[in-house]
Amino acid sequence: MSHKYQKSFTFPANFQDVLKDFTREVLRVQPPNIYQFGYEFFLKLSQEMQEENKLDIEISKVQYKEEQGEVAEDNESFTPLSNEERDDYNNDSAEEIEEREDEELRNSSSSNAHNIISFENISEEGDVLALISNNSEEDLIESMKNYFSQSLKDRFVPFNVARELFKRTFNNKLPEAMSLFAFSEIYITDDGNVDSMAFAEKAGRVLKFLVNYEMFRKGFDIGDIELHLVHGLNKLELEEELKAIFERADENQSGVLHFSQFKKELEEAELDLTERELNIILSEVEMNQELVMYEEIIPKTHHLLFIAEIFEEWCQENDVSF
């Protein structure tokens with residue numbers, strides 16, 4: 001019987017999720033020494049959290065610099081004039097000096113042709129659409145590359161890291177249809193990595209193109225699609241088909257597959273998924289140490305394939321490719 005003065009306890013944040021992940025790994029690996037395995041599991045988890053915190057700090061630094069309007073100066077490229085050059089410069093006429101300054105300005109403009117956009121002032125969806133509309137494709141791409149390179153240590157990163165950084169770039173205000181279309185065009189390697197610079201370039205081109213179309217700016221009013229057929233299957237049938245595919249591949253029945261195996265099963269499935277369909281599913285996968293909990297993505301797949309079908313038909317009707 002509980003006492004009215006009894007102290008109440010609550011679980012720490014994410015406790016149940018962490019415990020679930022640990023239990024799943026124990027069942028999958030069947031370690032001979034549970035204590036050693038637990039130590040290594042939580043040590044690796046702690047290291048991953050530290051890396052995520054470092055990424056947040058780096059992003060904050062980038063945002064702070066953008067707020068302050070800081071521009072990096074390349075002091076190493078400065079070479080003082082020699083005495084002879086200084087005398088020549090002083091003896092030039094005003095017209096010659098003006099002509100030389102104009103030439104230097106043109107050279108400077110050509111070497112710094114891109115205007116680096118600040119993503120700091122985005123507070124609502126309209127700000128994102130205006131930013132994309134009002135800047136050139138080249139400036140948008142170079143600004144995204146700049147933001148990515150300052151936020152990431154490595155060029156090749158797990159897709160879920162690049163995906164979250166992409167969303168943060170636009171302060172999570174980018175319309176869902178535009179995000180998914182961009183993700184559907186990105187190549188993800190068998191180990192779940194992407195080239196962040198190629199990602200930024202392809203995504204920039206996609207966003208700049210789609211912003212001109214209302215259906216992507218406002219999204220799709222698709223209503224109840226559970227009975228809609230994708231690859232000849234409704235939602236329930238598709239989920240049962242995918243569950244059977246993944247469980248056959250999951251020899252230990254642990255509920256997880258390595259990303260490479262997960263991708264392989266989708267590629268070889270009799271569903272005959274297109275590249276866009278495959279990419280859009282992979283883009284929504286949550287990875288933990290390169291492992292995929294396939295039961296979490298299965299319920300989302302019907303919706304994702306339906307959206308991919310809309311993209312595919314629109315591209316064919318408008319003869320669009322990226």
# chains A, B, ... in the order shown; residues from 1 in each chain; ligands from 1

call {"tool": "residues_around", "arguments": {"residues": "region 127-133 of chain A", "least_positions_apart": "6", "cutoff": "7 Å", "atoms": "only C-alpha atoms", "output": "PDB file with all heavy atoms, in the first residue's frame"}}
result
ATOM      1  N   PHE A 170      17.463  24.432 -42.670  1.00  0.00           N
ATOM      2  CA  PHE A 170      16.260  25.232 -42.921  1.00  0.00           C
ATOM      3  C   PHE A 170      15.371  25.298 -41.684  1.00  0.00           C
ATOM      4  O   PHE A 170      14.161  25.517 -41.789  1.00  0.00           O
ATOM      5  CB  PHE A 170      15.491  24.653 -44.111  1.00  0.00           C
ATOM      6  CG  PHE A 170      16.286  24.653 -45.388  1.00  0.00           C
ATOM      7  CD1 PHE A 170      16.925  23.501 -45.831  1.00  0.00           C
ATOM      8  CD2 PHE A 170      16.426  25.806 -46.132  1.00  0.00           C
ATOM      9  CE1 PHE A 170      17.671  23.496 -46.998  1.00  0.00           C
ATOM     10  CE2 PHE A 170      17.173  25.814 -47.298  1.00  0.00           C
ATOM     11  CZ  PHE A 170      17.795  24.657 -47.740  1.00  0.00           C
ATOM     12  N   LYS A 173      11.788  23.862 -41.232  1.00  0.00           N
ATOM     13  CA  LYS A 173      10.615  24.529 -41.792  1.00  0.00           C
ATOM     14  C   LYS A 173      10.404  24.232 -43.276  1.00  0.00           C
ATOM     15  O   LYS A 173       9.485  24.775 -43.897  1.00  0.00           O
ATOM     16  CB  LYS A 173      10.738  26.056 -41.609  1.00  0.00           C
ATOM     17  CG  LYS A 173      10.864  26.510 -40.162  1.00  0.00           C
ATOM     18  CD  LYS A 173       9.657  26.139 -39.341  1.00  0.00           C
ATOM     19  CE  LYS A 173       9.784  26.654 -37.907  1.00  0.00           C
ATOM     20  NZ  LYS A 173       8.617  26.271 -37.080  1.00  0.00           N
ATOM     21  N   LEU A 174      11.222  23.375 -43.848  1.00  0.00           N
ATOM     22  CA  LEU A 174      11.081  23.040 -45.258  1.00  0.00           C
ATOM     23  C   LEU A 174       9.844  22.167 -45.446  1.00  0.00           C
ATOM     24  O   LEU A 174       9.640  21.215 -44.686  1.00  0.00           O
ATOM     25  CB  LEU A 174      12.324  22.292 -45.735  1.00  0.00           C
ATOM     26  CG  LEU A 174      12.505  22.100 -47.244  1.00  0.00           C
ATOM     27  CD1 LEU A 174      12.682  23.438 -47.942  1.00  0.00           C
ATOM     28  CD2 LEU A 174      13.700  21.200 -47.515  1.00  0.00           C
ATOM     29  N   LYS A 208      15.549  24.297 -55.613  1.00  0.00           N
ATOM     30  CA  LYS A 208      15.414  25.480 -56.454  1.00  0.00           C
ATOM     31  C   LYS A 208      14.397  25.245 -57.570  1.00  0.00           C
ATOM     32  O   LYS A 208      13.659  26.162 -57.953  1.00  0.00           O
ATOM     33  CB  LYS A 208      16.783  25.847 -57.054  1.00  0.00           C
ATOM     34  CG  LYS A 208      16.785  27.154 -57.841  1.00  0.00           C
ATOM     35  CD  LYS A 208      16.403  28.336 -56.970  1.00  0.00           C
ATOM     36  CE  LYS A 208      16.358  29.626 -57.777  1.00  0.00           C
ATOM     37  NZ  LYS A 208      15.897  30.772 -56.978  1.00  0.00           N
ATOM     38  N   VAL A 211      10.528  24.784 -55.910  1.00  0.00           N
ATOM     39  CA  VAL A 211       9.906  25.932 -55.246  1.00  0.00           C
ATOM     40  C   VAL A 211       8.954  26.676 -56.182  1.00  0.00           C
ATOM     41  O   VAL A 211       8.076  27.432 -55.731  1.00  0.00           O
ATOM     42  CB  VAL A 211      10.993  26.887 -54.702  1.00  0.00           C
ATOM     43  CG1 VAL A 211      11.623  27.711 -55.838  1.00  0.00           C
ATOM     44  CG2 VAL A 211      10.424  27.801 -53.620  1.00  0.00           C
TER      45      VAL A 211
END

call {"tool": "atom_distance", "arguments": {"atom1": "CA of Glu138 (chain A)", "atom2": "CA of Phe209 (chain A)"}}
result
12.2 Å

call {"tool": "residues_around", "arguments": {"residues": "Glu142 (chain A)", "least_positions_apart": "3", "cutoff": "7 Å", "atoms": "only C-alpha atoms", "output": "PDB file with N, CA and C atoms, in the first residue's frame"}}
result
ATOM      1  N   HIS A 114      30.109  33.563 -55.497  1.00  0.00           N
ATOM      2  CA  HIS A 114      28.926  33.077 -54.793  1.00  0.00           C
ATOM      3  C   HIS A 114      28.651  33.887 -53.533  1.00  0.00           C
ATOM      4  N   ILE A 116      27.277  33.814 -50.039  1.00  0.00           N
ATOM      5  CA  ILE A 116      26.965  32.828 -49.015  1.00  0.00           C
ATOM      6  C   ILE A 116      25.737  33.289 -48.234  1.00  0.00           C
ATOM      7  N   GLU A 138      23.106  28.505 -57.792  1.00  0.00           N
ATOM      8  CA  GLU A 138      24.528  28.389 -57.449  1.00  0.00           C
ATOM      9  C   GLU A 138      24.795  28.861 -56.015  1.00  0.00           C
ATOM     10  N   ASP A 139      24.198  29.998 -55.642  1.00  0.00           N
ATOM     11  CA  ASP A 139      24.400  30.517 -54.293  1.00  0.00           C
ATOM     12  C   ASP A 139      23.794  29.582 -53.242  1.00  0.00           C
ATOM     13  N   LYS A 145      26.686  23.776 -49.094  1.00  0.00           N
ATOM     14  CA  LYS A 145      27.981  23.103 -48.974  1.00  0.00           C
ATOM     15  C   LYS A 145      28.807  23.730 -47.860  1.00  0.00           C
ATOM     16  N   ASN A 146      28.805  25.046 -47.798  1.00  0.00           N
ATOM     17  CA  ASN A 146      29.553  25.756 -46.772  1.00  0.00           C
ATOM     18  C   ASN A 146      29.049  25.403 -45.378  1.00  0.00           C
TER      19      ASN A 146
END

call {"tool": "residues_around", "arguments": {"residues": "Asn193 (chain A)", "least_positions_apart": "4", "cutoff": "7 Å", "atoms": "only C-alpha atoms", "output": "VMD selection string"}}
result
chain A and resid 156 to 159 188 to 189

call {"tool": "residues_around", "arguments": {"residues": "Leu266 (chain A)", "least_positions_apart": "4", "cutoff": "8 Å", "atoms": "only C-alpha atoms", "output": "PyMOL selection string"}}
result
chain A and resi 262+273+278

call {"tool": "select_by_dssp", "arguments": {"residues": "region 171-281 of chain A", "states": "helix (DSSP H, G or I)", "output": "MDAnalysis selection string"}}
result
chainID A and resid 176:184 196:210 214:218 235:249 259:268 275:281

call {"tool": "closest_residue", "arguments": {"among": "A:Val194, A:Thr274, A:Ile297, A:Glu284", "to": "Lys243 (chain A)", "atoms": "only C-alpha atoms"}}
result
A:Ile297

call {"tool": "residues_around", "arguments": {"residues": "Glu214 (chain A)", "least_positions_apart": "3", "cutoff": "12 Å", "atoms": "only C-alpha atoms", "output": "list in words"}}
result
Leu129, Pro175, Ala177, Met178, Phe209, Leu210, Val211, Arg217, Lys218, Gly219 and Phe220 of chain A

call {"tool": "atom_distance", "arguments": {"atom1": "CA of Tyr187 (chain A)", "atom2": "CA of Leu207 (chain A)"}}
result
16.5 Å

call {"tool": "select_by_dssp", "arguments": {"residues": "region 232-311 of chain A", "states": "strand (DSSP E)", "output": "list in words"}}
result
Val256, Leu257, His258, Met287, Asn288, Leu291, Val292 and Met293 of chain A

call {"tool": "write_last_selection", "arguments": {"atoms": "N, CA, C and O atoms", "output": "short mmCIF file (atom, residue, chain, number, x, y, z; two decimals), in the first residue's frame"}}
result
data_model
loop_
_atom_site.label_atom_id
_atom_site.label_comp_id
_atom_site.auth_asym_id
_atom_site.auth_seq_id
_atom_site.Cartn_x
_atom_site.Cartn_y
_atom_site.Cartn_z
N VAL A 256 16.28 -6.78 -35.95
CA VAL A 256 17.18 -5.81 -36.58
C VAL A 256 17.95 -6.47 -37.71
O VAL A 256 18.18 -7.67 -37.72
N LEU A 257 18.33 -5.64 -38.69
CA LEU A 257 19.20 -6.07 -39.79
C LEU A 257 20.28 -5.02 -39.97
O LEU A 257 20.04 -3.82 -39.74
N HIS A 258 21.45 -5.45 -40.39
CA HIS A 258 22.48 -4.48 -40.78
C HIS A 258 21.96 -3.70 -41.98
O HIS A 258 21.23 -4.23 -42.81
N MET A 287 18.97 4.55 -38.12
CA MET A 287 20.08 3.62 -37.91
C MET A 287 20.67 3.78 -36.51
O MET A 287 20.78 4.89 -36.01
N ASN A 288 21.03 2.67 -35.92
CA ASN A 288 21.74 2.66 -34.65
C ASN A 288 22.91 1.72 -34.79
O ASN A 288 22.73 0.51 -34.86
N LEU A 291 22.64 -0.53 -37.66
CA LEU A 291 21.56 -1.51 -37.56
C LEU A 291 20.22 -0.83 -37.77
O LEU A 291 20.01 0.31 -37.34
N VAL A 292 19.30 -1.53 -38.41
CA VAL A 292 17.97 -1.01 -38.71
C VAL A 292 16.94 -1.86 -37.99
O VAL A 292 16.91 -3.09 -38.14
N MET A 293 16.07 -1.22 -37.20
CA MET A 293 14.93 -1.91 -36.61
C MET A 293 13.81 -1.88 -37.65
O MET A 293 13.07 -0.91 -37.76
#

call {"tool": "closest_residue", "arguments": {"among": "A:Phe15, A:Leu27, A:Gly204, A:Asn135", "to": "Thr169 (chain A)", "atoms": "only C-alpha atoms"}}
result
A:Gly204

call {"tool": "closest_residue", "arguments": {"among": "A:Asn33, A:Ser196, A:Asn134, A:Thr301", "to": "Glu237 (chain A)", "atoms": "only C-alpha atoms"}}
result
A:Thr301

call {"tool": "atom_distance", "arguments": {"atom1": "CA of Glu290 (chain A)", "atom2": "CA of Asn252 (chain A)"}}
result
16.9 Å

call {"tool": "closest_residue", "arguments": {"among": "A:Lys20, A:Lys153, A:Arg276, A:Arg28", "to": "Phe183 (chain A)", "atoms": "only C-alpha atoms"}}
result
A:Arg276

call {"tool": "closest_residue", "arguments": {"among": "A:Lys167, A:His231, A:Lys264, A:Arg248", "to": "Asp191 (chain A)", "atoms": "only C-alpha atoms"}}
result
A:Lys264

call {"tool": "residues_around", "arguments": {"residues": "Leu236 (chain A)", "least_positions_apart": "5", "cutoff": "12 Å", "atoms": "only C-alpha atoms", "output": "VMD selection string"}}
result
chain A and resid 225 to 230 241 to 243 298 to 303
